[in-house]
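This report concerns only the one structure given below.
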2 protein chains.
Amino acid sequence: MQIHSKELLYGLSEFYKIFGDPTRLRILDVLLNKPLCVNEISDYLNVTQSAISHQLKNLRSSNLVKTEKIGQKVYYSISDDHIKIILKYGIEHISEVML
Amino acid sequence: MQIHSKELLYGLSEFYKIFGDPTRLRILDVLLNKPLCVNEISDYLNVTQSAISHQLKNLRSSNLVKTEKIGQKVYYSISDDHIKIILKYGIEHISEVML
DNA sequence: TGAATATATGAACAATTATTCATATAAGGG
DNA sequence: CCCTTATATGAATAATTGTTCATATATTCA
């Protein structure tokens, strides 16, 4: 398991960067429970619809979340288990460090 | 497994941010093989000693790497398995996305 | 002690980025 | 068809960050 190409290196870097923002982490956190549409996320987190939408775009273009359109609503959810595992171990790591 | 406090949220955010830079990822990558001192890393990666030292400081203050001083050299290594797992799944995720 | 080696640090600059505000697009319901 | 709801987007601003350059600190050895 090694970073063997420039493409992988820059892809990885962009990928992890997406986890490095509190608003995006909060979005991922609420999506761990169940898929939600933009307005629901905005309401839950008390962050403007625009800010959420901008961040969802980032999350989506790095494949951390995926979408499903139902009627006029767009439901967002965590795209796969890699994301959940990375969150899990990050939380574990920080929880230990914080002790 | 949930982000239950502000402290955890900001800690996590800072933590993941550290993975989000190509130079730091390259450092972590070479440290996956074996502990190295600053100059060795600088030589392997062909990056100035100053840049490496600055980045090692970031890696260290977020507990991604730990140090051991031997003589006048300071050996850096990956601090624990959480870091390795997060790298592993990140690489897997990106490798899949890149196909 | 003095020179050489190893590492850290501080200031400065360029580049990136998160949010806000205003507005655009798009789809349903009446 | 209009009106409402849901979402996306673009520009602008403020804040953060990575590297460079110069220099400081610390340790070993002759």
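Ordering of the structure tokens sets the chain letters (A, B, ...), residue numbers begin anew at 1 in every chain, and ligands are numbered from 1 in the order given.
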Mind fitting chain B to chain A by least squares on all Cα atoms in order and giving back the moved coordinates as a short mmCIF file (atom, residue, chain, number, x, y, z; two decimals) with C-alpha atoms, in the first residue's frame?
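This went into part26.cif:
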data_model
loop_
_atom_site.label_atom_id
_atom_site.label_comp_id
_atom_site.auth_asym_id
_atom_site.auth_seq_id
_atom_site.Cartn_x
_atom_site.Cartn_y
_atom_site.Cartn_z
CA MET B 1 0.01 -0.01 -0.05
CA GLN B 2 1.99 2.92 -1.37
CA ILE B 3 1.45 6.20 -3.16
CA HIS B 4 2.85 5.16 -6.50
CA SER B 5 1.82 7.95 -8.83
CA LYS B 6 1.44 11.70 -8.98
CA GLU B 7 -2.17 11.29 -9.94
CA LEU B 8 -2.85 9.25 -6.82
CA LEU B 9 -0.89 11.71 -4.69
CA TYR B 10 -2.90 14.71 -5.79
CA GLY B 11 -6.15 12.80 -5.76
CA LEU B 12 -5.49 11.72 -2.18
CA SER B 13 -4.55 15.19 -1.12
CA GLU B 14 -7.76 16.67 -2.49
CA PHE B 15 -9.72 13.84 -0.95
CA TYR B 16 -8.42 14.27 2.59
CA LYS B 17 -8.69 18.04 2.33
CA ILE B 18 -12.43 17.61 2.08
CA PHE B 19 -12.54 16.07 5.56
CA GLY B 20 -10.64 19.04 6.92
CA ASP B 21 -13.48 21.47 7.45
CA PRO B 22 -15.92 21.58 10.38
CA THR B 23 -18.99 22.29 8.26
CA ARG B 24 -18.28 19.39 5.93
CA LEU B 25 -17.60 17.10 8.87
CA ARG B 26 -20.91 18.09 10.40
CA ILE B 27 -22.64 17.32 7.12
CA LEU B 28 -20.99 13.90 6.95
CA ASP B 29 -21.92 13.33 10.57
CA VAL B 30 -25.65 13.87 10.02
CA LEU B 31 -25.55 11.84 6.82
CA LEU B 32 -24.17 8.89 8.78
CA ASN B 33 -27.66 8.41 10.19
CA LYS B 34 -29.68 8.68 7.01
CA PRO B 35 -29.86 10.38 3.64
CA LEU B 36 -31.05 13.98 3.81
CA CYS B 37 -31.96 16.68 1.33
CA VAL B 38 -30.23 20.05 1.22
CA ASN B 39 -32.82 21.95 3.23
CA GLU B 40 -32.92 19.33 5.93
CA ILE B 41 -29.16 19.50 6.35
CA SER B 42 -29.31 23.27 6.35
CA ASP B 43 -31.97 23.19 9.07
CA TYR B 44 -30.29 20.55 11.23
CA LEU B 45 -26.95 22.33 11.18
CA ASN B 46 -28.31 25.85 11.22
CA VAL B 47 -26.11 26.86 8.31
CA THR B 48 -27.36 28.81 5.27
CA GLN B 49 -28.66 26.85 2.31
CA SER B 50 -26.00 28.43 0.12
CA ALA B 51 -23.11 27.40 2.33
CA ILE B 52 -24.45 23.86 2.56
CA SER B 53 -24.97 23.64 -1.17
CA HIS B 54 -21.43 24.85 -1.86
CA GLN B 55 -20.02 22.32 0.56
CA LEU B 56 -22.14 19.50 -0.79
CA LYS B 57 -20.69 20.26 -4.17
CA ASN B 58 -17.21 19.77 -2.75
CA LEU B 59 -18.23 16.59 -0.98
CA ARG B 60 -19.78 15.28 -4.13
CA SER B 61 -16.97 16.11 -6.52
CA SER B 62 -14.57 14.22 -4.27
CA ASN B 63 -16.99 11.30 -4.08
CA LEU B 64 -17.57 11.49 -0.34
CA VAL B 65 -21.30 11.70 -0.89
CA LYS B 66 -23.65 10.64 -3.63
CA THR B 67 -27.06 11.96 -4.63
CA GLU B 68 -30.47 10.71 -5.55
CA LYS B 69 -33.11 13.01 -6.89
CA ILE B 70 -36.64 12.33 -5.70
CA GLY B 71 -39.23 14.77 -6.99
CA GLN B 72 -37.81 18.22 -6.55
CA LYS B 73 -35.58 17.19 -3.67
CA VAL B 74 -32.01 15.95 -3.90
CA TYR B 75 -31.08 13.41 -1.27
CA TYR B 76 -27.46 13.18 -0.23
CA SER B 77 -25.83 10.18 1.45
CA ILE B 78 -22.36 8.88 2.32
CA SER B 79 -20.99 7.34 -0.85
CA ASP B 80 -19.30 4.22 0.54
CA ASP B 81 -17.77 2.43 3.49
CA HIS B 82 -14.28 3.86 2.96
CA ILE B 83 -15.63 7.20 4.07
CA LYS B 84 -17.26 5.72 7.15
CA ILE B 85 -14.08 3.89 8.12
CA ILE B 86 -11.93 6.97 7.69
CA LEU B 87 -14.34 8.89 9.90
CA LYS B 88 -14.40 6.11 12.45
CA TYR B 89 -10.64 5.91 12.82
CA GLY B 90 -10.25 9.66 12.80
CA ILE B 91 -12.73 9.96 15.63
CA GLU B 92 -10.95 7.17 17.51
CA HIS B 93 -7.60 8.81 17.04
CA ILE B 94 -8.73 12.22 18.22
CA SER B 95 -10.72 10.78 21.10
CA GLU B 96 -7.57 9.04 22.33
CA VAL B 97 -5.42 12.12 21.86
CA MET B 98 -7.95 14.27 23.70
CA LEU B 99 -7.81 12.17 26.90
#
- Item | Spatial neighbours of D:DC2, max dist 12 Å, only C-alpha atoms (C1' of nucleotides), sep filter under 6 positions, as number ranges by chain | C: 28-30
Could the residues in this selection be saved with N, CA and C atoms (P, O5', C5', C4', C3', O3' and C1' of nucleotides) as an mmCIF file, in the first residue's frame?
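Output file part35.cif follows:
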data_model
loop_
_atom_site.group_PDB
_atom_site.id
_atom_site.type_symbol
_atom_site.label_atom_id
_atom_site.label_comp_id
_atom_site.auth_asym_id
_atom_site.auth_seq_id
_atom_site.Cartn_x
_atom_site.Cartn_y
_atom_site.Cartn_z
ATOM 1 P P DG C 28 -40.887 17.040 -10.955
ATOM 2 O "O5'" DG C 28 -42.244 17.384 -10.193
ATOM 3 C "C5'" DG C 28 -42.465 18.722 -9.843
ATOM 4 C "C4'" DG C 28 -43.180 18.813 -8.524
ATOM 5 C "C3'" DG C 28 -44.620 18.319 -8.590
ATOM 6 O "O3'" DG C 28 -45.142 18.153 -7.270
ATOM 7 C "C1'" DG C 28 -44.495 20.685 -8.862
ATOM 8 P P DG C 29 -46.621 17.588 -7.052
ATOM 9 O "O5'" DG C 29 -47.430 18.927 -6.733
ATOM 10 C "C5'" DG C 29 -47.112 19.667 -5.540
ATOM 11 C "C4'" DG C 29 -48.040 20.856 -5.408
ATOM 12 C "C3'" DG C 29 -49.527 20.511 -5.529
ATOM 13 O "O3'" DG C 29 -50.243 21.383 -4.672
ATOM 14 C "C1'" DG C 29 -48.936 21.992 -7.264
ATOM 15 P P DG C 30 -51.726 21.090 -4.279
ATOM 16 O "O5'" DG C 30 -52.502 22.296 -4.963
ATOM 17 C "C5'" DG C 30 -52.233 23.631 -4.538
ATOM 18 C "C4'" DG C 30 -52.861 24.607 -5.528
ATOM 19 C "C3'" DG C 30 -54.332 24.324 -5.835
ATOM 20 O "O3'" DG C 30 -55.106 25.481 -5.578
ATOM 21 C "C1'" DG C 30 -53.073 24.654 -7.842
#
- Message: Taking 4 positions as the minimum chain separation for residues in the same chain, which residues sit within 10 Å of D:DA26 when counting only C-alpha atoms (C1' of nucleotides)? Answer as number ranges by chain.
- Response: B: 72; C: 6-8
- At a cut-off of 12 Å, list the chain D residues touching chain A, using only C-alpha atoms (C1' of nucleotides), as number ranges by chain. D: 4-10, 16
- Task: Extract, using only C-alpha atoms (C1' of nucleotides), all DNA, RNA and protein residues at most 12 Å from D:DA22, discarding same-chain residues fewer than 2 positions from it, and format them as a PyMOL selection string.
- Result: (chain B and resi 50) or (chain C and resi 9-12) or (chain D and resi 20+24)
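The chain C residues that come within 9 Å of chain A are C:DA18, C:DT19, C:DT20, C:DA26, C:DA27, C:DG28, with only C-alpha atoms (C1' of nucleotides) taken into account.
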- DSSP on the backbone: what in chain B comes out strand (DSSP E or B), as a list of chain:residue names?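 Taking chain B and keeping strand (DSSP E or B) gives B:Leu36, B:Cys37, B:Val65, B:Lys66, B:Thr67, B:Glu68, B:Lys69, B:Ile70, B:Lys73, B:Val74, B:Tyr75, B:Tyr76, B:Ser77, B:Ile78.
Rounded to one decimal, atom C1' of D:DA14 and atom C1' of C:DA22 lie 18.6 Å from each other.
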Could you tell me, as a PDB file with N, CA and C atoms, in the first residue's frame, which residues of chain A DSSP assigns to helix (DSSP H, G or I) when given the backbone?
ATOM      1  N   LYS A   6       1.841  10.293  -9.207  1.00  0.00           N
ATOM      2  CA  LYS A   6       1.481  11.694  -8.954  1.00  0.00           C
ATOM      3  C   LYS A   6      -0.017  11.872  -8.932  1.00  0.00           C
ATOM      4  N   GLU A   7      -0.672  11.166  -9.828  1.00  0.00           N
ATOM      5  CA  GLU A   7      -2.127  11.269  -9.930  1.00  0.00           C
ATOM      6  C   GLU A   7      -2.778  10.837  -8.607  1.00  0.00           C
ATOM      7  N   LEU A   8      -2.293   9.714  -8.081  1.00  0.00           N
ATOM      8  CA  LEU A   8      -2.807   9.232  -6.800  1.00  0.00           C
ATOM      9  C   LEU A   8      -2.487  10.226  -5.689  1.00  0.00           C
ATOM     10  N   LEU A   9      -1.269  10.744  -5.707  1.00  0.00           N
ATOM     11  CA  LEU A   9      -0.857  11.696  -4.673  1.00  0.00           C
ATOM     12  C   LEU A   9      -1.782  12.905  -4.616  1.00  0.00           C
ATOM     13  N   TYR A  10      -2.015  13.515  -5.772  1.00  0.00           N
ATOM     14  CA  TYR A  10      -2.853  14.708  -5.780  1.00  0.00           C
ATOM     15  C   TYR A  10      -4.316  14.376  -5.540  1.00  0.00           C
ATOM     16  N   GLY A  11      -4.743  13.229  -6.017  1.00  0.00           N
ATOM     17  CA  GLY A  11      -6.108  12.791  -5.755  1.00  0.00           C
ATOM     18  C   GLY A  11      -6.341  12.610  -4.262  1.00  0.00           C
ATOM     19  N   LEU A  12      -5.387  11.947  -3.618  1.00  0.00           N
ATOM     20  CA  LEU A  12      -5.461  11.706  -2.174  1.00  0.00           C
ATOM     21  C   LEU A  12      -5.502  13.017  -1.414  1.00  0.00           C
ATOM     22  N   SER A  13      -4.617  13.909  -1.810  1.00  0.00           N
ATOM     23  CA  SER A  13      -4.524  15.179  -1.114  1.00  0.00           C
ATOM     24  C   SER A  13      -5.841  15.959  -1.179  1.00  0.00           C
ATOM     25  N   GLU A  14      -6.433  16.007  -2.364  1.00  0.00           N
ATOM     26  CA  GLU A  14      -7.727  16.678  -2.513  1.00  0.00           C
ATOM     27  C   GLU A  14      -8.794  15.972  -1.683  1.00  0.00           C
ATOM     28  N   PHE A  15      -8.717  14.660  -1.696  1.00  0.00           N
ATOM     29  CA  PHE A  15      -9.692  13.844  -0.976  1.00  0.00           C
ATOM     30  C   PHE A  15      -9.678  14.138   0.528  1.00  0.00           C
ATOM     31  N   TYR A  16      -8.502  14.056   1.135  1.00  0.00           N
ATOM     32  CA  TYR A  16      -8.412  14.271   2.585  1.00  0.00           C
ATOM     33  C   TYR A  16      -8.742  15.718   2.949  1.00  0.00           C
ATOM     34  N   LYS A  17      -8.381  16.629   2.060  1.00  0.00           N
ATOM     35  CA  LYS A  17      -8.670  18.040   2.314  1.00  0.00           C
ATOM     36  C   LYS A  17     -10.158  18.253   2.597  1.00  0.00           C
ATOM     37  N   ILE A  18     -10.972  17.459   1.912  1.00  0.00           N
ATOM     38  CA  ILE A  18     -12.419  17.599   2.047  1.00  0.00           C
ATOM     39  C   ILE A  18     -12.877  17.281   3.475  1.00  0.00           C
ATOM     40  N   PHE A  19     -12.193  16.398   4.133  1.00  0.00           N
ATOM     41  CA  PHE A  19     -12.525  16.079   5.539  1.00  0.00           C
ATOM     42  C   PHE A  19     -12.088  17.196   6.486  1.00  0.00           C
ATOM     43  N   PRO A  22     -14.860  21.909   9.366  1.00  0.00           N
ATOM     44  CA  PRO A  22     -15.902  21.593  10.349  1.00  0.00           C
ATOM     45  C   PRO A  22     -17.298  21.475   9.742  1.00  0.00           C
ATOM     46  N   THR A  23     -17.631  22.362   8.842  1.00  0.00           N
ATOM     47  CA  THR A  23     -18.966  22.299   8.249  1.00  0.00           C
ATOM     48  C   THR A  23     -19.162  21.004   7.465  1.00  0.00           C
ATOM     49  N   ARG A  24     -18.147  20.656   6.677  1.00  0.00           N
ATOM     50  CA  ARG A  24     -18.276  19.410   5.912  1.00  0.00           C
ATOM     51  C   ARG A  24     -18.325  18.201   6.831  1.00  0.00           C
ATOM     52  N   LEU A  25     -17.538  18.239   7.911  1.00  0.00           N
ATOM     53  CA  LEU A  25     -17.580  17.119   8.858  1.00  0.00           C
ATOM     54  C   LEU A  25     -18.957  16.997   9.496  1.00  0.00           C
ATOM     55  N   ARG A  26     -19.551  18.144   9.799  1.00  0.00           N
ATOM     56  CA  ARG A  26     -20.901  18.094  10.388  1.00  0.00           C
ATOM     57  C   ARG A  26     -21.903  17.525   9.400  1.00  0.00           C
ATOM     58  N   ILE A  27     -21.754  17.886   8.142  1.00  0.00           N
ATOM     59  CA  ILE A  27     -22.633  17.325   7.114  1.00  0.00           C
ATOM     60  C   ILE A  27     -22.466  15.806   7.053  1.00  0.00           C
ATOM     61  N   LEU A  28     -21.219  15.356   6.995  1.00  0.00           N
ATOM     62  CA  LEU A  28     -20.973  13.913   6.939  1.00  0.00           C
ATOM     63  C   LEU A  28     -21.566  13.240   8.168  1.00  0.00           C
ATOM     64  N   ASP A  29     -21.417  13.893   9.294  1.00  0.00           N
ATOM     65  CA  ASP A  29     -21.910  13.337  10.550  1.00  0.00           C
ATOM     66  C   ASP A  29     -23.420  13.104  10.518  1.00  0.00           C
ATOM     67  N   VAL A  30     -24.182  14.088  10.067  1.00  0.00           N
ATOM     68  CA  VAL A  30     -25.637  13.879  10.023  1.00  0.00           C
ATOM     69  C   VAL A  30     -26.022  12.875   8.937  1.00  0.00           C
ATOM     70  N   LEU A  31     -25.221  12.818   7.888  1.00  0.00           N
ATOM     71  CA  LEU A  31     -25.533  11.848   6.826  1.00  0.00           C
ATOM     72  C   LEU A  31     -25.216  10.413   7.226  1.00  0.00           C
ATOM     73  N   LEU A  32     -24.428  10.248   8.297  1.00  0.00           N
ATOM     74  CA  LEU A  32     -24.146   8.890   8.775  1.00  0.00           C
ATOM     75  C   LEU A  32     -25.424   8.201   9.234  1.00  0.00           C
ATOM     76  N   ASN A  33     -26.375   8.978   9.752  1.00  0.00           N
ATOM     77  CA  ASN A  33     -27.643   8.406  10.196  1.00  0.00           C
ATOM     78  C   ASN A  33     -28.540   8.005   9.045  1.00  0.00           C
ATOM     79  N   VAL A  38     -31.013  18.834   0.935  1.00  0.00           N
ATOM     80  CA  VAL A  38     -30.248  20.043   1.243  1.00  0.00           C
ATOM     81  C   VAL A  38     -30.865  20.876   2.364  1.00  0.00           C
ATOM     82  N   ASN A  39     -32.164  21.093   2.257  1.00  0.00           N
ATOM     83  CA  ASN A  39     -32.814  21.931   3.263  1.00  0.00           C
ATOM     84  C   ASN A  39     -32.818  21.302   4.645  1.00  0.00           C
ATOM     85  N   GLU A  40     -32.960  20.002   4.673  1.00  0.00           N
ATOM     86  CA  GLU A  40     -32.911  19.314   5.970  1.00  0.00           C
ATOM     87  C   GLU A  40     -31.540  19.505   6.618  1.00  0.00           C
ATOM     88  N   ILE A  41     -30.499  19.331   5.840  1.00  0.00           N
ATOM     89  CA  ILE A  41     -29.147  19.503   6.364  1.00  0.00           C
ATOM     90  C   ILE A  41     -28.963  20.930   6.860  1.00  0.00           C
ATOM     91  N   SER A  42     -29.404  21.849   6.024  1.00  0.00           N
ATOM     92  CA  SER A  42     -29.298  23.267   6.371  1.00  0.00           C
ATOM     93  C   SER A  42     -30.018  23.571   7.682  1.00  0.00           C
ATOM     94  N   ASP A  43     -31.198  22.974   7.865  1.00  0.00           N
ATOM     95  CA  ASP A  43     -31.958  23.187   9.097  1.00  0.00           C
ATOM     96  C   ASP A  43     -31.271  22.539  10.300  1.00  0.00           C
ATOM     97  N   TYR A  44     -30.913  21.264  10.149  1.00  0.00           N
ATOM     98  CA  TYR A  44     -30.266  20.541  11.243  1.00  0.00           C
ATOM     99  C   TYR A  44     -29.028  21.283  11.741  1.00  0.00           C
ATOM    100  N   LEU A  45     -28.224  21.764  10.804  1.00  0.00           N
ATOM    101  CA  LEU A  45     -26.925  22.326  11.177  1.00  0.00           C
ATOM    102  C   LEU A  45     -26.993  23.822  11.422  1.00  0.00           C
ATOM    103  N   GLN A  49     -28.506  27.802   3.434  1.00  0.00           N
ATOM    104  CA  GLN A  49     -28.680  26.857   2.328  1.00  0.00           C
ATOM    105  C   GLN A  49     -27.534  26.997   1.334  1.00  0.00           C
ATOM    106  N   SER A  50     -27.110  28.214   1.095  1.00  0.00           N
ATOM    107  CA  SER A  50     -26.040  28.435   0.120  1.00  0.00           C
ATOM    108  C   SER A  50     -24.731  27.790   0.567  1.00  0.00           C
ATOM    109  N   ALA A  51     -24.376  28.006   1.801  1.00  0.00           N
ATOM    110  CA  ALA A  51     -23.134  27.421   2.318  1.00  0.00           C
ATOM    111  C   ALA A  51     -23.179  25.899   2.241  1.00  0.00           C
ATOM    112  N   ILE A  52     -24.318  25.337   2.626  1.00  0.00           N
ATOM    113  CA  ILE A  52     -24.466  23.874   2.558  1.00  0.00           C
ATOM    114  C   ILE A  52     -24.352  23.381   1.122  1.00  0.00           C
ATOM    115  N   SER A  53     -25.009  24.072   0.231  1.00  0.00           N
ATOM    116  CA  SER A  53     -24.984  23.654  -1.165  1.00  0.00           C
ATOM    117  C   SER A  53     -23.570  23.702  -1.737  1.00  0.00           C
ATOM    118  N   HIS A  54     -22.855  24.781  -1.428  1.00  0.00           N
ATOM    119  CA  HIS A  54     -21.464  24.880  -1.867  1.00  0.00           C
ATOM    120  C   HIS A  54     -20.637  23.708  -1.335  1.00  0.00           C
ATOM    121  N   GLN A  55     -20.815  23.401  -0.079  1.00  0.00           N
ATOM    122  CA  GLN A  55     -20.021  22.333   0.528  1.00  0.00           C
ATOM    123  C   GLN A  55     -20.427  20.965   0.023  1.00  0.00           C
ATOM    124  N   LEU A  56     -21.716  20.783  -0.232  1.00  0.00           N
ATOM    125  CA  LEU A  56     -22.152  19.510  -0.795  1.00  0.00           C
ATOM    126  C   LEU A  56     -21.533  19.301  -2.174  1.00  0.00           C
ATOM    127  N   LYS A  57     -21.362  20.391  -2.879  1.00  0.00           N
ATOM    128  CA  LYS A  57     -20.719  20.285  -4.191  1.00  0.00           C
ATOM    129  C   LYS A  57     -19.291  19.744  -4.039  1.00  0.00           C
ATOM    130  N   ASN A  58     -18.563  20.291  -3.051  1.00  0.00           N
ATOM    131  CA  ASN A  58     -17.215  19.785  -2.781  1.00  0.00           C
ATOM    132  C   ASN A  58     -17.237  18.314  -2.384  1.00  0.00           C
ATOM    133  N   LEU A  59     -18.129  17.997  -1.473  1.00  0.00           N
ATOM    134  CA  LEU A  59     -18.230  16.615  -1.002  1.00  0.00           C
ATOM    135  C   LEU A  59     -18.548  15.663  -2.153  1.00  0.00           C
ATOM    136  N   ARG A  60     -19.387  16.133  -3.043  1.00  0.00           N
ATOM    137  CA  ARG A  60     -19.791  15.289  -4.160  1.00  0.00           C
ATOM    138  C   ARG A  60     -18.688  15.145  -5.193  1.00  0.00           C
ATOM    139  N   SER A  61     -17.998  16.231  -5.467  1.00  0.00           N
ATOM    140  CA  SER A  61     -16.992  16.120  -6.536  1.00  0.00           C
ATOM    141  C   SER A  61     -15.779  15.325  -6.075  1.00  0.00           C
ATOM    142  N   ASP A  81     -18.287   2.785   2.136  1.00  0.00           N
ATOM    143  CA  ASP A  81     -17.778   2.427   3.457  1.00  0.00           C
ATOM    144  C   ASP A  81     -16.391   3.001   3.744  1.00  0.00           C
ATOM    145  N   HIS A  82     -15.604   3.259   2.710  1.00  0.00           N
ATOM    146  CA  HIS A  82     -14.292   3.861   2.944  1.00  0.00           C
ATOM    147  C   HIS A  82     -14.428   5.155   3.750  1.00  0.00           C
ATOM    148  N   ILE A  83     -15.413   5.914   3.374  1.00  0.00           N
ATOM    149  CA  ILE A  83     -15.636   7.200   4.041  1.00  0.00           C
ATOM    150  C   ILE A  83     -15.988   6.973   5.512  1.00  0.00           C
ATOM    151  N   LYS A  84     -16.863   6.013   5.741  1.00  0.00           N
ATOM    152  CA  LYS A  84     -17.267   5.733   7.118  1.00  0.00           C
ATOM    153  C   LYS A  84     -16.091   5.258   7.954  1.00  0.00           C
ATOM    154  N   ILE A  85     -15.252   4.428   7.362  1.00  0.00           N
ATOM    155  CA  ILE A  85     -14.100   3.899   8.092  1.00  0.00           C
ATOM    156  C   ILE A  85     -13.104   5.010   8.410  1.00  0.00           C
ATOM    157  N   ILE A  86     -12.878   5.864   7.449  1.00  0.00           N
ATOM    158  CA  ILE A  86     -11.943   6.973   7.669  1.00  0.00           C
ATOM    159  C   ILE A  86     -12.467   7.878   8.779  1.00  0.00           C
ATOM    160  N   LEU A  87     -13.772   8.097   8.792  1.00  0.00           N
ATOM    161  CA  LEU A  87     -14.357   8.900   9.868  1.00  0.00           C
ATOM    162  C   LEU A  87     -14.213   8.182  11.204  1.00  0.00           C
ATOM    163  N   LYS A  88     -14.507   6.892  11.200  1.00  0.00           N
ATOM    164  CA  LYS A  88     -14.438   6.109  12.431  1.00  0.00           C
ATOM    165  C   LYS A  88     -13.046   6.179  13.069  1.00  0.00           C
ATOM    166  N   TYR A  89     -12.021   5.938  12.235  1.00  0.00           N
ATOM    167  CA  TYR A  89     -10.672   5.910  12.794  1.00  0.00           C
ATOM    168  C   TYR A  89     -10.162   7.303  13.149  1.00  0.00           C
ATOM    169  N   GLY A  90     -10.616   8.295  12.417  1.00  0.00           N
ATOM    170  CA  GLY A  90     -10.275   9.663  12.780  1.00  0.00           C
ATOM    171  C   GLY A  90     -10.842  10.008  14.150  1.00  0.00           C
ATOM    172  N   ILE A  91     -12.104   9.679  14.336  1.00  0.00           N
ATOM    173  CA  ILE A  91     -12.763   9.956  15.617  1.00  0.00           C
ATOM    174  C   ILE A  91     -12.059   9.209  16.750  1.00  0.00           C
ATOM    175  N   GLU A  92     -11.733   7.938  16.489  1.00  0.00           N
ATOM    176  CA  GLU A  92     -11.007   7.156  17.495  1.00  0.00           C
ATOM    177  C   GLU A  92      -9.673   7.810  17.853  1.00  0.00           C
ATOM    178  N   HIS A  93      -8.948   8.193  16.811  1.00  0.00           N
ATOM    179  CA  HIS A  93      -7.628   8.798  17.033  1.00  0.00           C
ATOM    180  C   HIS A  93      -7.728  10.067  17.879  1.00  0.00           C
ATOM    181  N   ILE A  94      -8.622  10.937  17.486  1.00  0.00           N
ATOM    182  CA  ILE A  94      -8.744  12.205  18.205  1.00  0.00           C
ATOM    183  C   ILE A  94      -9.276  11.976  19.615  1.00  0.00           C
ATOM    184  N   SER A  95     -10.210  11.061  19.759  1.00  0.00           N
ATOM    185  CA  SER A  95     -10.745  10.781  21.093  1.00  0.00           C
ATOM    186  C   SER A  95      -9.639  10.328  22.032  1.00  0.00           C
ATOM    187  N   GLU A  96      -8.732   9.494  21.506  1.00  0.00           N
ATOM    188  CA  GLU A  96      -7.614   9.037  22.331  1.00  0.00           C
ATOM    189  C   GLU A  96      -6.672  10.176  22.672  1.00  0.00           C
ATOM    190  N   VAL A  97      -6.370  10.993  21.667  1.00  0.00           N
ATOM    191  CA  VAL A  97      -5.452  12.114  21.866  1.00  0.00           C
ATOM    192  C   VAL A  97      -6.005  13.107  22.884  1.00  0.00           C
ATOM    193  N   MET A  98      -7.341  13.250  22.867  1.00  0.00           N
ATOM    194  CA  MET A  98      -7.968  14.256  23.718  1.00  0.00           C
ATOM    195  C   MET A  98      -7.982  13.881  25.196  1.00  0.00           C
TER     196      MET A  98
END
